[in-house]
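The file start.txt comes next; it holds compact mmCIF, C-alpha atoms.
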```txt
# COMPACT_ATOMS: atom_id res chain seq x y z
CA LYS A 246 -0.07 221.65 125.99
CA ARG A 247 3.29 223.11 126.87
CA TYR A 248 4.77 219.63 126.52
CA TYR A 249 3.42 219.19 122.99
CA ARG A 250 4.45 222.71 121.92
CA ARG A 251 7.97 222.02 123.19
CA ARG A 252 8.12 218.75 121.21
CA ARG A 253 7.01 220.50 118.02
CA ARG A 254 9.68 223.19 118.44
CA ASN A 255 12.40 220.55 119.04
CA ARG A 256 11.23 218.56 116.02
CA LYS A 257 11.48 221.63 113.80
CA LYS A 258 14.99 222.37 115.09
CA HIS A 259 16.14 218.82 114.35
CA GLU A 260 14.61 218.91 110.86
CA GLN A 261 16.34 222.21 110.09
CA HIS A 262 19.64 220.87 111.44
CA ASP A 263 19.38 217.71 109.30
CA LYS A 264 18.59 219.80 106.24
CA ASN A 265 21.62 222.03 106.76
CA HIS A 266 23.82 218.96 107.32
CA GLU A 267 22.66 217.35 104.06
CA GLN A 268 23.42 220.52 102.11
CA HIS A 269 26.90 220.67 103.64
CA ASP A 270 27.58 217.02 102.78
CA GLY A 271 26.31 217.56 99.26
CA GLY A 272 28.81 220.36 98.72
CA ASN A 273 31.65 218.23 100.05
CA ASN A 274 30.63 215.33 97.82
CA ASN A 275 30.59 217.61 94.78
CA ASN A 276 34.07 218.83 95.64
CA LYS A 277 35.18 215.27 96.23
CA ASP A 278 33.75 214.15 92.90
CA THR A 279 35.48 217.07 91.18
CA ASN A 280 38.80 216.17 92.79
CA GLN A 281 38.39 212.51 91.90
CA THR A 282 37.62 213.48 88.29
CA ALA A 283 40.74 215.63 88.16
CA ILE A 284 42.84 212.80 89.62
CA ALA A 285 41.32 210.31 87.16
CA ASP A 286 42.08 212.64 84.24
CA LYS A 287 45.63 213.01 85.50
CA ASN A 288 46.02 209.23 85.82
CA ASP A 289 44.63 208.72 82.31
CA ASN A 290 47.13 211.20 80.91
CA SER A 291 49.98 209.45 82.74
CA LYS A 292 48.87 206.07 81.41
CA GLN A 293 48.71 207.44 77.86
CA GLN A 294 52.22 208.86 78.19
CA GLN A 295 53.55 205.55 79.56
CA GLN A 296 51.91 203.59 76.75
CA HIS A 297 53.37 205.99 74.18
CA GLN A 298 56.84 205.68 75.68
CA GLN A 299 56.55 201.89 75.85
CA SER A 300 55.47 201.63 72.21
CA GLN A 301 58.60 203.52 71.19
CA VAL A 302 60.81 201.06 73.10
CA THR A 303 59.25 197.74 72.18
CA GLN A 304 57.84 198.66 68.75
CA GLN A 305 55.93 195.40 68.50
CA PRO A 306 53.55 195.38 65.51
CA LYS A 307 49.85 194.76 65.97
CA HIS A 308 48.73 191.28 65.04
CA ALA A 309 45.89 188.84 65.45
CA PRO A 310 45.41 187.02 68.77
CA PHE A 311 48.22 184.52 69.19
CA VAL A 312 47.49 180.81 69.05
CA LYS A 313 50.32 178.54 70.15
CA PRO A 314 51.30 176.06 67.38
CA SER A 315 49.93 172.58 67.95
CA ASN A 316 52.61 170.86 65.84
CA LEU A 317 55.65 171.42 68.10
CA GLN A 318 56.23 167.68 68.38
CA ASP A 319 56.97 167.57 64.63
CA PHE A 320 60.21 169.54 64.99
CA THR A 321 63.56 169.18 66.69
CA PRO A 322 65.77 171.91 68.18
CA ALA A 323 67.81 173.95 65.72
CA PRO A 324 71.49 173.09 65.14
CA HIS A 325 73.91 174.15 67.88
CA LEU A 326 76.84 176.36 66.97
CA HIS A 327 79.83 176.49 69.29
CA PRO A 328 81.18 180.03 69.84
CA GLU A 329 83.85 179.54 67.15
CA GLU A 330 81.28 178.21 64.64
CA TRP A 331 78.89 181.01 65.59
CA ASN A 332 81.47 183.67 64.74
CA GLU A 333 82.58 181.89 61.59
CA ARG A 334 79.03 181.59 60.23
CA ILE A 335 78.32 185.25 60.90
CA LEU A 336 81.63 186.44 59.41
CA ASN A 337 81.04 184.40 56.25
CA LEU A 338 77.69 186.10 55.72
CA ILE A 339 79.27 189.50 56.29
CA GLN A 340 82.03 188.79 53.77
CA GLU A 341 79.37 187.77 51.25
CA GLY A 342 77.64 191.11 51.79
CA LYS A 343 74.60 189.50 53.40
CA GLU A 344 74.53 191.41 56.68
CA GLN A 345 70.90 192.33 56.10
CA ASP A 346 70.02 188.64 56.07
CA ILE A 347 71.28 188.23 59.64
CA VAL A 348 68.79 188.42 62.52
CA PHE A 349 69.84 187.91 66.12
CA VAL A 350 67.03 186.80 68.45
CA ASP A 351 67.76 187.58 72.08
CA ALA A 352 65.69 184.98 73.93
CA ARG A 353 66.75 186.20 77.37
CA ASN A 354 64.56 188.24 79.66
CA VAL A 355 64.43 192.00 79.39
CA TYR A 356 66.72 192.58 82.39
CA GLU A 357 69.57 190.56 80.87
CA SER A 358 69.11 192.11 77.43
CA ARG A 359 69.61 195.56 78.91
CA ILE A 360 73.09 194.58 80.07
CA GLY A 361 74.29 193.84 76.55
CA HIS A 362 73.44 191.97 73.33
CA PHE A 363 74.84 190.98 69.94
CA ALA A 364 74.91 193.74 67.36
CA VAL A 365 76.35 193.78 63.83
CA PRO A 366 76.18 196.78 61.45
CA ASN A 367 73.30 196.42 58.95
CA ALA A 368 72.07 193.29 60.74
CA THR A 369 68.90 193.12 62.87
CA THR A 370 68.77 192.33 66.57
CA LEU A 371 65.34 191.38 67.90
CA LEU A 372 65.18 192.22 71.59
CA THR A 373 62.13 190.27 72.66
CA ASN A 374 61.75 192.26 75.94
CA THR A 375 60.07 189.36 77.74
CA ARG A 376 59.99 188.60 81.45
CA LYS A 377 59.08 184.91 81.08
CA TYR A 378 59.49 182.31 78.36
CA SER A 379 55.75 181.88 77.82
CA SER A 380 55.69 185.35 76.20
CA LEU A 381 58.48 184.55 73.73
CA PRO A 382 56.49 182.56 71.12
CA GLU A 383 53.97 185.38 70.82
CA VAL A 384 56.72 187.93 70.19
CA MET A 385 58.29 185.77 67.49
CA ASP A 386 54.89 185.31 65.89
CA ALA A 387 54.36 189.08 65.87
CA HIS A 388 57.72 189.66 64.15
CA TYR A 389 57.73 186.62 61.89
CA GLN A 390 56.75 188.20 58.57
CA SER A 391 58.48 191.54 59.12
CA THR A 392 61.74 190.33 60.67
CA LEU A 393 62.32 186.57 60.76
CA SER A 394 60.98 185.30 57.45
CA ASP A 395 63.62 184.54 54.77
CA LYS A 396 66.51 185.39 57.14
CA HIS A 397 69.39 183.63 58.84
CA VAL A 398 68.20 183.56 62.45
CA PHE A 399 70.83 183.32 65.19
CA MET A 400 69.22 182.65 68.56
CA TYR A 401 70.93 182.97 71.91
CA CYS A 402 69.97 182.97 75.58
CA THR A 403 71.80 182.73 78.91
CA GLY A 404 72.69 179.04 79.03
CA GLY A 405 71.00 177.55 75.98
CA VAL A 406 67.80 176.26 77.60
CA ARG A 407 65.35 178.80 76.22
CA CYS A 408 66.69 178.48 72.69
CA GLU A 409 66.04 174.74 72.66
CA GLN A 410 62.32 175.42 72.95
CA ALA A 411 62.28 178.72 71.07
CA SER A 412 63.96 177.26 67.98
CA VAL A 413 61.34 174.50 67.84
CA CYS A 414 58.58 177.06 68.19
CA LEU A 415 60.00 179.22 65.39
CA GLN A 416 60.06 176.25 63.00
CA ALA A 417 56.46 175.46 63.91
CA LEU A 418 55.45 179.09 63.35
CA ALA A 419 57.06 179.04 59.91
CA ALA A 420 55.18 175.88 58.95
CA THR A 421 51.93 177.17 60.42
CA SER A 422 52.25 180.52 58.65
CA SER A 423 52.83 178.83 55.31
CA SER A 424 49.99 176.33 55.64
CA HIS A 425 47.58 178.97 56.97
CA LYS A 426 48.31 181.28 54.03
CA ASP A 427 47.85 178.41 51.57
CA LYS A 428 44.42 177.67 53.06
CA GLU A 429 43.43 181.33 52.79
CA ASN A 430 44.49 181.45 49.15
CA ASN A 431 42.60 178.25 48.34
CA ASN A 432 39.45 179.49 50.05
CA THR A 433 39.63 182.86 48.27
CA ASN A 434 40.54 181.79 44.75
CA GLY A 435 39.82 178.08 44.54
CA ASP A 436 36.34 178.38 43.05
CA GLN A 437 37.27 181.14 40.60
CA GLY A 438 40.45 179.48 39.36
CA GLU A 439 42.50 182.63 39.96
CA ILE A 440 46.15 182.67 40.96
CA ALA A 441 46.71 184.11 44.43
CA ASN A 442 48.90 187.21 44.51
CA ASP A 443 49.51 187.07 48.27
CA SER A 444 52.18 184.38 48.57
CA PRO A 445 53.01 182.86 51.96
CA ALA A 446 55.95 184.26 53.89
CA PRO A 447 58.97 182.03 53.21
CA PRO A 448 60.57 180.20 56.13
CA PRO A 449 63.88 181.39 57.56
CA LYS A 450 66.92 180.54 55.46
CA GLY A 451 68.47 179.02 58.56
CA ILE A 452 67.88 178.80 62.30
CA TYR A 453 70.84 178.37 64.63
CA GLN A 454 71.31 178.49 68.38
CA LEU A 455 74.42 179.40 70.35
CA HIS A 456 75.67 176.30 72.14
CA GLY A 457 75.93 176.97 75.86
CA GLY A 458 74.36 180.38 75.45
CA ILE A 459 75.93 183.75 76.05
CA GLN A 460 77.58 182.34 79.17
CA ARG A 461 79.71 179.90 77.17
CA TYR A 462 80.46 182.55 74.57
CA LEU A 463 81.80 184.96 77.18
CA GLU A 464 83.92 182.20 78.70
CA ARG A 465 85.52 181.73 75.29
CA TYR A 466 85.89 185.33 74.15
CA GLY A 467 85.43 187.39 77.32
CA THR A 468 83.62 190.72 77.45
```
Is it possible to give me this structure as structure tokens?
Amino acid sequence: KRYYRRRRRNRKKHEQHDKNHEQHDGGNNNNKDTNQTAIADKNDNSKQQQQHQQSQVTQQPKHAPFVKPSNLQDFTPAPHLHPEEWNERILNLIQEGKEQDIVFVDARNVYESRIGHFAVPNATTLLTNTRKYSSLPEVMDAHYQSTLSDKHVFMYCTGGVRCEQASVCLQALAATSSSHKDKENNNTNGDQGEIANDSPAPPPKGIYQLHGGIQRYLERYGT
């Protein structure tokens, strides 16, 4: 009998000890959850601030999901301008009072663009802020209507390689934009015989690339 009474007393002690331990763990978990929630809220606020700061730097407009043009093979690289021809073409436009028709497209990566880039008063410089070439077509697509359409586009990169492909892509984007808008207008107004008010964005007035890139330009004119 003493043996069984002793076992019952020990069992009750263990049960009470387990109960107290669970309550203690529960309190710690609640504190832990509270701390994690506070940290998560802090991280969310930091992310929102970073996104806000980034949107002020890049200022890339919202657009539909990008689809790479399938007609790249239909186009050839844009004409090459040697540094002297590059300057002459730009100066002629400035003398004609057409600075606002000039758009420089910096096809280099973001690290190189931060060192320096072309800038002309009243002209536009599109800093694509990319880290790899595969992101460049999407950026040009996003800025096509607002920045590149109906402009003289002067493209440059480090040695001229990126511009070879980028100039082809820009021509394809211009053709795709025009044909896509024509299809939309036909689908909307074709049956009713109405004239579409939303005309397609015109292609660039000219697309040029700097022969040899910024490297060759600096060899000719220095810094």
Distance of CA of Ile347 (chain A) from CA of Val365 (chain A), expressed in Å to one decimal place: 8.6 Å
Quick one: pull the distance between CA of Thr421 (chain A) and CA of Ser380 (chain A), Å, one decimal.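 These two atoms are separated by 18.2 Å.
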Distance criterion (all atoms listed in the file): nearest to Thr403 (chain A) out of A:Leu336, A:Leu415, A:Val384, A:Leu455: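 So, comparing all the options, the nearest one is A:Leu455.
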Length of the CA of Leu418 (chain A) to CA of Tyr356 (chain A) vector [Å]: 25.9 Å
Do you know which residues are at most 7 Å from Pro448 (chain A) counting all atoms listed in the file, after dropping those on the same chain fewer than 3 positions away, and could you put them as a ChimeraX atom specification? /A:394-395,419
Measuring between all atoms listed in the file, which one of A:Gln345, A:Thr321, A:Ser379, A:Gln454 shows the shortest distance to Met400 (chain A)?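 When distances to Met400 (chain A) are compared using all atoms listed in the file, the smallest one comes from A:Gln454.
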Please identify all polymer residues within 10 Å of Ala411 (chain A), counting all atoms listed in the file, omitting same-chain residues fewer than 4 positions from it, and present them as JSON, numbers by chain. {"A": [322, 323, 350, 352, 378, 379, 381, 382, 385, 400, 401, 402, 406, 407, 415, 416, 417, 454]}
Can you work out which one of A:Gly458, A:His397, A:Asp319, A:Ala368 has the shortest atom-to-atom distance to Arg353 (chain A), counting only C-alpha atoms?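 Closest to Arg353 (chain A), using only C-alpha atoms: A:Gly458.
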Nearest residue to Asp346 (chain A) out of A:Arg359, A:Lys396, A:Arg376, A:Arg334, using all atoms listed in the file?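 Residue with the minimum atom-to-atom distance to Asp346 (chain A): A:Lys396.
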Under the rule that only C-alpha atoms are counted, which of A:Gly451, A:His388, A:His362, A:Tyr462 is the nearest residue to Ser412 (chain A)? A:Gly451
Do you know which residues are at most 9 Å from His456 (chain A) counting only C-alpha atoms, after dropping those on the same chain fewer than 2 positions away, and could you put them as a list of chain:residue names? A:Pro324, A:His325, A:Leu326, A:His327, A:Pro328, A:Trp331, A:Tyr401, A:Gly404, A:Gly405, A:Gln454, A:Gly458, A:Ile459, A:Arg461, A:Tyr462
